[in-house]
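Asks: What follows is the file run14.txt, containing compact mmCIF, C-alpha atoms (C1' of nucleotides):
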# COMPACT_ATOMS: atom_id res chain seq x y z
CA MET A 24 -22.63 22.92 -20.85
CA PHE A 25 -22.26 19.15 -20.88
CA LYS A 26 -22.23 17.12 -24.04
CA TYR A 27 -21.10 13.67 -25.03
CA GLU A 28 -20.60 12.70 -28.61
CA VAL A 29 -19.43 9.39 -29.98
CA LEU A 30 -16.61 10.07 -32.40
CA HIS A 31 -16.26 6.55 -33.67
CA THR A 32 -17.54 3.06 -32.99
CA CYS A 33 -15.18 0.18 -33.70
CA LYS A 34 -16.59 -2.05 -36.41
CA GLN A 35 -14.83 -5.08 -34.92
CA THR A 36 -16.02 -4.73 -31.34
CA GLY A 37 -18.57 -1.95 -30.90
CA ALA A 38 -16.17 -0.17 -28.50
CA ARG A 39 -16.24 3.57 -28.97
CA VAL A 40 -14.22 6.73 -28.82
CA GLY A 41 -16.11 9.73 -27.53
CA LYS A 42 -15.77 13.32 -26.43
CA LEU A 43 -17.23 14.52 -23.16
CA THR A 44 -17.47 18.28 -22.86
CA THR A 45 -17.40 19.83 -19.37
CA PRO A 46 -17.08 23.38 -18.03
CA HIS A 47 -13.34 22.81 -17.62
CA GLY A 48 -12.64 21.26 -20.96
CA GLU A 49 -13.09 18.19 -23.07
CA ILE A 50 -12.33 14.62 -22.17
CA ILE A 51 -11.63 12.10 -24.89
CA THR A 52 -12.83 8.63 -23.93
CA PRO A 53 -11.98 5.90 -23.10
CA VAL A 54 -10.18 7.70 -20.31
CA TYR A 55 -8.23 6.77 -17.21
CA MET A 56 -8.65 9.23 -14.34
CA PRO A 57 -5.92 9.37 -11.67
CA VAL A 58 -7.15 9.62 -8.10
CA GLY A 59 -6.32 12.59 -5.90
CA THR A 60 -8.31 11.75 -2.82
CA ASN A 61 -7.22 14.68 -0.69
CA ALA A 62 -7.27 17.26 -3.48
CA GLY A 63 -3.96 16.06 -4.80
CA VAL A 64 -2.63 12.96 -6.52
CA LYS A 65 -0.37 11.43 -3.90
CA GLY A 66 3.23 12.36 -4.43
CA LEU A 67 2.69 14.48 -7.53
CA THR A 68 2.13 18.09 -8.49
CA PRO A 69 -0.72 18.95 -10.89
CA GLU A 70 1.91 19.73 -13.52
CA GLN A 71 3.32 16.23 -13.21
CA VAL A 72 -0.14 14.71 -13.41
CA LYS A 73 -0.86 16.73 -16.52
CA ALA A 74 2.47 15.79 -18.07
CA ALA A 75 1.60 12.14 -17.45
CA GLY A 76 -1.35 12.61 -19.78
CA ALA A 77 -4.24 12.95 -17.35
CA GLN A 78 -7.32 14.70 -18.74
CA ILE A 79 -9.26 14.71 -15.49
CA VAL A 80 -8.62 13.78 -11.86
CA LEU A 81 -10.78 12.45 -9.07
CA SER A 82 -11.08 13.81 -5.60
CA ASN A 83 -13.12 12.78 -2.62
CA THR A 84 -16.09 14.28 -0.89
CA TYR A 85 -15.66 12.29 2.28
CA HIS A 86 -12.04 13.19 2.83
CA LEU A 87 -12.37 16.86 1.93
CA TYR A 88 -15.50 17.16 4.06
CA LEU A 89 -13.49 15.97 7.06
CA ARG A 90 -10.34 17.85 6.16
CA PRO A 91 -9.96 20.71 5.52
CA GLY A 92 -13.77 21.04 5.39
CA SER A 93 -15.78 21.68 2.25
CA ASP A 94 -16.61 25.21 3.40
CA ILE A 95 -12.92 26.02 3.42
CA VAL A 96 -12.49 24.63 -0.09
CA GLU A 97 -15.48 26.72 -1.15
CA ARG A 98 -13.99 29.86 0.37
CA ALA A 99 -10.69 29.03 -1.35
CA GLY A 100 -12.57 29.48 -4.60
CA GLY A 101 -13.53 25.86 -5.22
CA LEU A 102 -11.58 22.70 -5.76
CA HIS A 103 -10.09 23.66 -9.14
CA LYS A 104 -8.52 26.78 -7.72
CA PHE A 105 -7.68 25.21 -4.37
CA MET A 106 -5.64 22.40 -5.91
CA ASN A 107 -4.48 24.38 -8.94
CA TRP A 108 -6.02 22.01 -11.48
CA ASN A 109 -7.82 23.80 -14.31
CA LYS A 110 -8.98 20.69 -16.14
CA PRO A 111 -12.07 18.65 -15.28
CA ILE A 112 -12.47 17.15 -11.81
CA LEU A 113 -14.78 14.39 -10.63
CA THR A 114 -15.66 13.99 -6.96
CA ASP A 115 -16.68 10.73 -5.46
CA SER A 116 -19.58 11.04 -3.06
CA GLY A 117 -18.25 9.21 -0.05
CA GLY A 118 -20.42 6.19 -0.70
CA PHE A 119 -17.37 4.03 -1.12
CA GLN A 120 -15.93 5.18 2.20
CA VAL A 121 -19.17 4.21 3.85
CA PHE A 122 -18.33 0.75 2.57
CA SER A 123 -14.58 0.60 3.04
CA LEU A 124 -14.62 2.16 6.50
CA SER A 125 -17.54 0.01 7.54
CA SER A 126 -16.17 -0.71 10.98
CA MET A 127 -17.03 2.78 12.11
CA ARG A 128 -20.42 3.51 10.66
CA LYS A 129 -24.10 2.78 10.87
CA VAL A 130 -26.29 2.91 7.77
CA THR A 131 -30.00 3.67 7.87
CA ASP A 132 -32.44 4.54 5.10
CA ASP A 133 -32.02 8.19 5.95
CA GLY A 134 -28.23 8.32 5.89
CA VAL A 135 -24.98 7.18 7.40
CA LYS A 136 -23.68 7.84 10.85
CA PHE A 137 -19.93 7.46 11.03
CA SER A 138 -16.91 8.50 13.00
CA SER A 139 -13.98 10.27 11.46
CA TYR A 140 -11.10 7.96 10.61
CA TYR A 141 -8.54 10.35 11.98
CA ASP A 142 -10.03 11.84 15.14
CA GLY A 143 -13.08 9.74 15.90
CA SER A 144 -15.46 12.71 15.77
CA ALA A 145 -19.08 11.86 14.97
CA HIS A 146 -20.60 12.78 11.60
CA TYR A 147 -23.80 12.17 9.72
CA LEU A 148 -23.93 12.02 5.94
CA THR A 149 -27.14 11.91 3.92
CA PRO A 150 -27.67 12.11 0.15
CA GLU A 151 -28.61 15.76 0.59
CA ALA A 152 -25.56 16.49 2.70
CA ALA A 153 -23.23 14.70 0.28
CA ILE A 154 -24.59 16.66 -2.66
CA LYS A 155 -24.26 19.89 -0.75
CA VAL A 156 -20.62 19.10 0.00
CA GLU A 157 -20.01 18.21 -3.65
CA GLU A 158 -21.56 21.50 -4.71
CA GLN A 159 -19.30 23.36 -2.32
CA LEU A 160 -16.29 21.55 -3.75
CA GLY A 161 -17.39 22.41 -7.26
CA ALA A 162 -16.17 19.48 -9.37
CA ASP A 163 -17.39 19.14 -12.95
CA ILE A 164 -18.74 15.66 -12.41
CA ILE A 165 -20.22 14.65 -9.08
CA MET A 166 -21.27 11.20 -7.97
CA ALA A 167 -24.53 10.19 -6.36
CA PHE A 168 -24.34 9.03 -2.75
CA ASP A 169 -24.66 5.26 -2.95
CA GLU A 170 -24.24 2.17 -0.83
CA CYS A 171 -21.53 -0.18 -2.00
CA THR A 172 -21.44 -3.81 -0.89
CA ALA A 173 -18.57 -6.27 -0.69
CA ALA A 174 -18.23 -9.37 -2.83
CA GLY A 175 -19.92 -12.16 -0.94
CA THR A 176 -22.74 -10.01 0.46
CA ASN A 177 -25.89 -12.08 0.52
CA TYR A 178 -28.88 -11.54 -1.75
CA ARG A 179 -31.14 -9.95 0.85
CA LYS A 180 -28.56 -7.36 1.86
CA SER A 181 -27.64 -6.74 -1.76
CA VAL A 182 -31.29 -6.01 -2.58
CA GLY A 183 -31.44 -3.61 0.34
CA ALA A 184 -28.31 -1.75 -0.67
CA MET A 185 -29.45 -1.56 -4.29
CA GLN A 186 -32.86 -0.19 -3.35
CA ARG A 187 -31.39 2.22 -0.86
CA THR A 188 -28.98 3.44 -3.54
CA LEU A 189 -31.97 4.09 -5.82
CA SER A 190 -33.96 5.99 -3.23
CA TRP A 191 -30.85 7.96 -2.31
CA LEU A 192 -30.38 8.71 -6.01
CA GLU A 193 -33.80 10.34 -6.19
CA ARG A 194 -32.90 12.46 -3.20
CA CYS A 195 -29.53 13.36 -4.73
CA VAL A 196 -31.21 14.50 -7.94
CA LYS A 197 -33.70 16.56 -5.97
CA ALA A 198 -30.98 18.16 -3.84
CA HIS A 199 -28.69 18.94 -6.75
CA THR A 200 -28.93 22.53 -7.95
CA ARG A 201 -25.73 23.54 -9.74
CA GLU A 202 -26.15 23.44 -13.51
CA ASP A 203 -22.40 23.47 -14.06
CA GLN A 204 -22.03 20.07 -12.45
CA MET A 205 -23.10 16.75 -13.94
CA LEU A 206 -24.52 14.25 -11.49
CA PHE A 207 -23.67 10.63 -12.33
CA PRO A 208 -26.05 8.02 -10.93
CA ILE A 209 -24.51 4.71 -9.81
CA VAL A 210 -25.62 1.17 -10.64
CA GLN A 211 -25.32 -1.37 -7.81
CA GLY A 212 -26.66 -4.91 -7.35
CA ASN A 213 -23.58 -6.72 -6.07
CA LEU A 214 -22.80 -9.87 -8.08
CA PHE A 215 -26.39 -10.94 -8.75
CA GLU A 216 -27.31 -10.70 -12.40
CA ASP A 217 -31.00 -10.00 -11.82
CA LEU A 218 -30.21 -7.27 -9.30
CA ARG A 219 -27.69 -5.70 -11.66
CA VAL A 220 -30.28 -5.66 -14.44
CA GLU A 221 -32.94 -4.28 -12.14
CA SER A 222 -30.54 -1.63 -10.91
CA VAL A 223 -29.35 -0.51 -14.34
CA LYS A 224 -32.92 -0.32 -15.65
CA ALA A 225 -34.01 1.83 -12.73
CA THR A 226 -30.87 3.95 -12.70
CA ALA A 227 -30.47 4.75 -16.41
CA PRO A 228 -33.47 7.13 -16.56
CA PHE A 229 -31.72 9.40 -14.06
CA ALA A 230 -28.59 9.66 -16.20
CA ARG A 231 -28.38 12.91 -18.18
CA CYS A 232 -24.81 12.81 -19.44
CA GLY A 233 -23.08 9.85 -17.87
CA MET A 234 -23.71 6.90 -15.60
CA ALA A 235 -21.48 4.89 -13.32
CA ILE A 236 -21.15 1.24 -12.42
CA GLY A 237 -20.28 0.81 -8.76
CA GLY A 238 -19.72 -2.10 -6.46
CA LEU A 239 -17.41 -4.03 -8.73
CA SER A 240 -13.77 -4.94 -8.23
CA VAL A 241 -14.54 -5.38 -4.56
CA GLY A 242 -12.94 -8.79 -4.17
CA GLU A 243 -14.63 -10.89 -6.86
CA PRO A 244 -12.70 -12.67 -9.63
CA LYS A 245 -12.21 -10.58 -12.75
CA GLU A 246 -14.30 -12.98 -14.84
CA VAL A 247 -17.25 -12.33 -12.53
CA MET A 248 -16.85 -8.59 -12.97
CA TYR A 249 -16.66 -8.97 -16.75
CA LYS A 250 -19.80 -11.09 -16.67
CA MET A 251 -21.67 -8.41 -14.72
CA LEU A 252 -20.64 -5.82 -17.31
CA ASP A 253 -21.90 -8.06 -20.11
CA VAL A 254 -25.22 -8.52 -18.34
CA ILE A 255 -25.99 -4.84 -17.86
CA ARG A 256 -24.54 -3.52 -21.10
CA PRO A 257 -27.81 -3.71 -23.12
CA TYR A 258 -29.47 -1.31 -20.69
CA TYR A 259 -26.99 1.56 -20.75
CA PRO A 260 -28.45 4.96 -21.58
CA GLN A 261 -27.72 5.79 -25.22
CA ASN A 262 -24.99 8.27 -26.12
CA GLN A 263 -23.76 8.74 -22.60
CA PRO A 264 -20.36 7.85 -21.16
CA ILE A 265 -20.27 4.87 -18.84
CA TYR A 266 -17.92 5.01 -15.88
CA LEU A 267 -16.66 1.86 -14.17
CA MET A 268 -15.78 3.01 -10.67
CA GLY A 269 -12.55 2.02 -9.01
CA VAL A 270 -11.28 -0.06 -11.87
CA GLY A 271 -8.05 0.44 -13.52
CA SER A 272 -5.44 -2.24 -13.88
CA PRO A 273 -4.23 -2.37 -17.50
CA ASP A 274 -6.03 -5.64 -18.23
CA CYS A 275 -9.28 -4.50 -16.61
CA ILE A 276 -9.22 -1.31 -18.67
CA VAL A 277 -8.80 -3.23 -21.92
CA GLU A 278 -11.52 -5.70 -20.97
CA GLY A 279 -13.74 -2.90 -19.73
CA VAL A 280 -13.54 -0.90 -22.94
CA LEU A 281 -14.40 -4.07 -24.83
CA ARG A 282 -17.55 -4.20 -22.69
CA GLY A 283 -18.68 -0.65 -23.32
CA ILE A 284 -16.90 1.25 -20.55
CA ASP A 285 -15.67 4.77 -21.31
CA MET A 286 -14.28 6.01 -18.01
CA PHE A 287 -12.06 4.44 -15.37
CA ASP A 288 -10.47 5.58 -12.15
CA CYS A 289 -8.16 3.68 -9.89
CA VAL A 290 -5.74 4.17 -7.02
CA LEU A 291 -3.84 1.08 -8.09
CA ALA A 292 -1.44 2.98 -10.34
CA THR A 293 -0.28 5.38 -7.65
CA ARG A 294 -0.54 2.98 -4.73
CA MET A 295 1.42 0.24 -6.45
CA ALA A 296 3.95 2.87 -7.47
CA ARG A 297 4.52 3.98 -3.90
CA ASN A 298 4.78 0.34 -2.93
CA GLY A 299 7.44 -0.30 -5.55
CA ALA A 300 5.71 -1.87 -8.55
CA ALA A 301 5.36 -0.71 -12.13
CA PHE A 302 2.88 -1.43 -14.90
CA THR A 303 4.33 -2.63 -18.15
CA ARG A 304 2.58 -3.83 -21.26
CA ARG A 305 3.72 -7.37 -20.42
CA GLY A 306 2.52 -7.18 -16.81
CA ASN A 307 3.55 -5.76 -13.46
CA ILE A 308 7.15 -5.76 -12.33
CA THR A 309 8.25 -5.24 -8.73
CA VAL A 310 10.97 -2.67 -9.21
CA ARG A 311 11.96 -2.83 -5.55
CA ASN A 312 13.12 -6.43 -5.99
CA GLY A 313 16.83 -7.21 -5.85
CA ALA A 314 16.77 -8.42 -9.43
CA TYR A 315 16.84 -4.78 -10.59
CA LYS A 316 19.77 -3.69 -8.47
CA GLU A 317 22.00 -3.34 -11.50
CA ASP A 318 19.40 -3.00 -14.21
CA PHE A 319 20.34 0.21 -15.97
CA THR A 320 17.45 0.12 -18.42
CA PRO A 321 14.26 2.20 -18.16
CA VAL A 322 11.33 0.92 -16.12
CA GLU A 323 9.59 0.22 -19.40
CA GLU A 324 11.42 0.21 -22.70
CA GLY A 325 9.70 2.52 -25.17
CA CYS A 326 7.72 4.47 -22.58
CA ASP A 327 7.72 8.23 -23.10
CA CYS A 328 7.15 9.18 -19.46
CA TYR A 329 9.48 11.41 -17.45
CA CYS A 330 10.65 8.46 -15.37
CA CYS A 331 11.50 6.18 -18.29
CA GLN A 332 13.07 9.00 -20.31
CA ASN A 333 15.44 10.01 -17.53
CA TYR A 334 15.99 7.22 -15.02
CA THR A 335 16.86 3.55 -14.76
CA ARG A 336 15.29 0.69 -12.85
CA ALA A 337 18.42 0.57 -10.70
CA TYR A 338 17.98 4.22 -9.73
CA VAL A 339 14.27 3.93 -9.03
CA ARG A 340 14.90 0.80 -6.98
CA HIS A 341 17.60 2.61 -5.06
CA MET A 342 15.26 5.50 -4.28
CA LEU A 343 12.57 3.07 -3.11
CA ASN A 344 15.14 1.13 -1.19
CA VAL A 345 16.48 4.04 0.81
CA GLY A 346 13.01 5.36 1.47
CA GLU A 347 13.23 8.45 -0.69
CA ILE A 348 9.84 9.67 -1.85
CA GLY A 349 11.33 10.19 -5.30
CA GLY A 350 11.07 6.47 -6.04
CA GLY A 351 7.33 6.33 -5.51
CA GLN A 352 6.99 9.64 -7.29
CA LEU A 353 8.79 8.48 -10.42
CA LEU A 354 6.85 5.23 -10.50
CA SER A 355 3.57 7.12 -10.00
CA ILE A 356 4.40 9.21 -13.04
CA HIS A 357 5.22 6.06 -14.97
CA ASN A 358 2.11 4.14 -13.91
CA ILE A 359 -0.25 7.01 -14.65
CA ARG A 360 1.41 7.58 -17.98
CA HIS A 361 1.24 3.85 -18.68
CA LEU A 362 -2.52 3.92 -18.30
CA THR A 363 -3.06 7.15 -20.22
CA ARG A 364 -0.85 5.77 -22.98
CA LEU A 365 -2.79 2.53 -22.90
CA THR A 366 -6.05 4.43 -23.40
CA GLU A 367 -4.44 6.42 -26.21
CA ASP A 368 -3.50 3.17 -27.94
CA ILE A 369 -6.97 1.80 -27.32
CA ARG A 370 -8.54 4.89 -28.85
CA ALA A 371 -6.30 4.67 -31.88
CA ALA A 372 -7.24 1.03 -32.36
CA ILE A 373 -10.94 1.85 -32.08
CA MET A 374 -10.64 4.71 -34.56
CA GLU A 375 -9.06 2.31 -37.01
CA ASP A 376 -11.62 -0.46 -36.41
CA ARG A 377 -9.00 -2.88 -35.14
CA PHE A 378 -9.71 -2.94 -31.42
CA GLY A 379 -10.55 -6.64 -31.60
CA ASP A 380 -7.05 -7.36 -32.85
CA PHE A 381 -5.67 -5.06 -30.19
CA VAL A 382 -7.44 -6.98 -27.43
CA GLU A 383 -6.24 -10.29 -28.82
CA ASN A 384 -2.64 -9.11 -28.92
CA PHE A 385 -2.90 -7.57 -25.49
CA ARG A 386 -4.21 -10.75 -23.91
CA LYS A 387 -1.52 -12.80 -25.59
CA GLY A 388 1.29 -10.62 -24.28
CA TYR A 389 0.01 -9.87 -20.78
CA ASP A 390 0.50 -11.62 -17.46
CA TRP A 391 -0.47 -10.01 -14.17
CA LYS A 392 3.03 -10.36 -12.81
CA VAL A 393 6.24 -10.69 -14.75
CA LYS A 394 9.96 -10.76 -14.05
CA GLY A 395 12.29 -8.47 -15.96
C1' G B 8 48.61 0.66 37.27
C1' C B 9 43.76 -0.01 39.74
C1' C B 10 38.43 -0.31 39.39
C1' C B 11 33.67 -0.65 36.84
C1' C B 12 30.62 -1.81 32.57
C1' U B 13 30.14 -4.67 28.14
C1' A B 14 30.50 -8.86 24.22
C1' U B 15 23.69 -12.68 21.74
C1' A B 16 21.05 -12.42 13.96
C1' G B 17 24.04 -8.09 8.82
C1' C B 18 23.05 -3.61 12.58
C1' U B 19 20.95 -1.88 17.48
C1' C B 20 19.64 -4.54 21.46
C1' A B 21 15.94 -7.94 24.76
C1' G B 22 16.65 -12.57 27.17
C1' U B 23 12.82 -13.45 34.10
C1' C B 24 14.45 -17.86 39.41
C1' G B 25 19.88 -21.75 35.23
C1' G B 26 15.72 -25.69 31.25
C1' U B 27 19.97 -25.36 24.02
C1' A B 28 17.31 -17.87 22.08
C1' G B 29 13.75 -13.23 20.57
C1' A B 30 12.36 -7.94 18.83
C1' G B 31 13.11 -3.62 15.81
C1' C B 32 15.77 -2.20 11.67
C1' A B 33 18.16 -4.13 7.36
C1' U B 34 17.74 -8.12 3.59
C1' G B 35 14.68 -11.44 0.42
C1' C B 36 9.86 -12.34 -1.39
C1' G B 37 4.49 -11.75 -1.79
C1' G B 38 0.06 -8.67 -1.83
C1' C B 39 -2.34 -3.99 -3.31
C1' U B 40 -8.38 -1.98 -8.10
C1' G B 41 -14.70 4.71 -6.50
C1' U B 42 -6.90 5.51 -0.95
C1' U B 43 -7.71 5.21 6.95
C1' A B 44 -2.29 2.34 2.48
C1' A B 45 5.56 5.98 0.91
C1' C B 46 1.26 0.42 3.38
C1' C B 47 0.33 -4.66 4.87
C1' G B 48 1.93 -9.76 5.14
C1' C B 49 5.49 -13.83 4.98
C1' A B 50 10.56 -15.76 5.27
C1' G B 51 15.75 -16.62 6.48
C1' U B 52 20.24 -16.58 9.38
C1' G B 53 22.98 -17.39 15.30
C1' U B 54 29.86 -22.26 17.25
C1' C B 55 25.17 -16.57 22.51
C1' A B 56 33.69 -13.43 22.14
C1' U B 57 37.38 -17.58 23.53
C1' A B 58 39.05 -21.43 27.05
C1' G B 59 38.01 -23.80 31.38
C1' G B 60 34.84 -24.76 35.82
C1' U B 61 30.13 -25.65 38.84
C1' U B 62 25.54 -28.29 37.46
C1' C B 63 21.35 -33.63 35.35
C1' G B 64 21.31 -29.07 32.41
C1' A B 65 24.83 -22.60 31.39
C1' G B 66 23.31 -17.02 26.86
C1' U B 67 22.31 -16.87 32.25
C1' C B 68 26.60 -18.60 37.91
C1' C B 69 32.38 -18.79 38.78
C1' U B 70 37.68 -18.17 36.85
C1' A B 71 41.04 -16.71 33.19
C1' U B 72 42.07 -14.60 28.41
C1' U B 73 40.85 -11.30 24.35
C1' G B 74 38.12 -7.12 22.07
C1' G B 75 35.14 -2.61 23.07
C1' G B 76 33.49 1.50 26.46
C1' G B 77 34.06 4.38 30.91
C1' G B 78 36.15 6.12 35.74
C1' C B 79 40.36 7.07 39.11
C1' G B 80 45.39 7.88 39.18
Output the file's structure in the form of structure tokens.
Replies:
Amino acid sequence: MFKYEVLHTCKQTGARVGKLTTPHGEIITPVYMPVGTNAGVKGLTPEQVKAAGAQIVLSNTYHLYLRPGSDIVERAGGLHKFMNWNKPILTDSGGFQVFSLSSMRKVTDDGVKFSSYYDGSAHYLTPEAAIKVEEQLGADIIMAFDECTAAGTNYRKSVGAMQRTLSWLERCVKAHTREDQMLFPIVQGNLFEDLRVESVKATAPFARCGMAIGGLSVGEPKEVMYKMLDVIRPYYPQNQPIYLMGVGSPDCIVEGVLRGIDMFDCVLATRMARNGAAFTRRGNITVRNGAYKEDFTPVEEGCDCYCCQNYTRAYVRHMLNVGEIGGGQLLSIHNIRHLTRLTEDIRAAIMEDRFGDFVENFRKGYDWKVKG
RNA sequence: GCCCCUAUAGCUCAGUCGGUAGAGCAUGCGGCUGUUAACCGCAGUGUCAUAGGUUCGAGUCCUAUUGGGGGCG
């Protein structure tokens, strides 16, 4: 039911193009996966997400467990039917929320006690409970329940979180019953090279068709993240897709693929869009800025997305400016398409054994933030 | 005609017992990486309607004028 095959390995860089088969279709990697936390990519319909080139979307166990309740999603016929998305879906386990909503939780070896972010009600999530919720939701790929730590967490706590993640992984594997879902284990270890190596070595044996790298892009400099990827790369399970969780700015995707990553997800594209900024191949532009008031060119020249094909920067800025949701919507379409197009270009370069040149050119032409 | 209210940032308005002014919105800019985020942060600007008066000192008290709003005839 699940299969991953490497279609081509770049002779210049060792980066690869692959095909991951799931019950809801194939995914060509490297892939960028838009995030639809609450069973919907913010601001967009599934049709728009599809049109932007998405092959798979993420959704979130934690959020759907709280609202509307995973039992309701199950009774609705599962997540695919509920959100009208017939392509592959990946659900995050809630491990990241345990981390990002840390002010209202208590972690023990058994599980996590937390209060709901919207009504304060008390809840208790364990690896078994998280897996059960993910089975009710019914995504194609489900994530193990892990403990993520922030950049700057000390060694002792990082060891604890890494070990807890491993013991939780064993419990997740044991609790997982649905054959039509692939469980991805997650590597932790914070920013300590030895812990990362220890974690990847212990985690890889649990990977059947895919493994994830968690706990990166949590506040550390990009160079540190790249270094961590270099350190663990030799220990990846063979012929399985590797998923770098939560990462997805254009530059991080390029650098990630160069370091053996096949799958990315990120809220940045849609969040930055709603906040008025657009990805371009040269870097990010803040479309809401006054400089674009009378700029009647597309957000990105040469982009084939619905936004760039039909609207100008001046119009998008106006929409943002007057508070119309259309502005964030158009930019979300653009930013998602920008990343799917970027991965398409990356794949083409890999297929033609010129990804090294591609990376060089990309780095030369890219700044995080640009004007015009 | 008489009476009352009002005039402070681009807009809407605070401003204590007299001690040379602030919020929100708007504007400008910055940030955003397994979404508690259509969010968060920073910044700028004022002949305090005008002219007098009282006072050491007036956005604040007094007088007049002008603009705006309302009431009674």
Asks: Kindly provide, as a list in words, the residues of chain B having any atom no farther than 6 Å from an atom of chain A, counting all atoms listed in the file.
Replies: U40, G41, U43 and A45 of chain B
Asks: Quick check, in Å to one decimal: how far apart do atom CA of Val64 of chain A and atom CA of Thr45 of chain A lie?
Replies: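 Going from atom CA of Val64 of chain A over to atom CA of Thr45 of chain A covers 20.7 Å.
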Asks: For atom CA of Trp191 of chain A and atom CA of Val254 of chain A, determine how far apart the two atoms are, in Å to one decimal place.
Replies: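 Atom-to-atom, atom CA of Trp191 of chain A to atom CA of Val254 of chain A, that is 23.7 Å.
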Asks: Centre and edge lengths of an axis-aligned box around all listed atoms of segment 303-321 of chain A, with 8 Å added on each side, are to be given in Å to one decimal, as JSON.
Replies:
{"center_x": 12.3, "center_y": -3.1, "center_z": -13.4, "size_x": 35.5, "size_y": 26.6, "size_z": 31.7}
Asks: Could you name the residues that touch C18 of chain B at 12 Å or less, counting all atoms listed in the file, but leaving out those on the same chain fewer than 3 positions away, as a ChimeraX atom specification?
Replies: /B:31-34
Asks: To one decimal place, how far is atom CA of Cys33 of chain A from atom CA of Asp285 of chain A in Å?
Replies: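 Between atom CA of Cys33 of chain A and atom CA of Asp285 of chain A the gap is 13.2 Å.
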Asks: Just the residues within 10 Å of A21 of chain B, please, counting all atoms listed in the file, with nothing from its chain fewer than 3 positions along; format it as a compact mmCIF listing (two decimals) with C-alpha atoms (C1' of nucleotides), in the coordinates of the input.
Replies:
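Output file result.txt is given in full below:
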# COMPACT_ATOMS: atom_id res chain seq x y z
C1' U B 15 23.69 -12.68 21.74
C1' G B 29 13.75 -13.23 20.57
C1' A B 30 12.36 -7.94 18.83
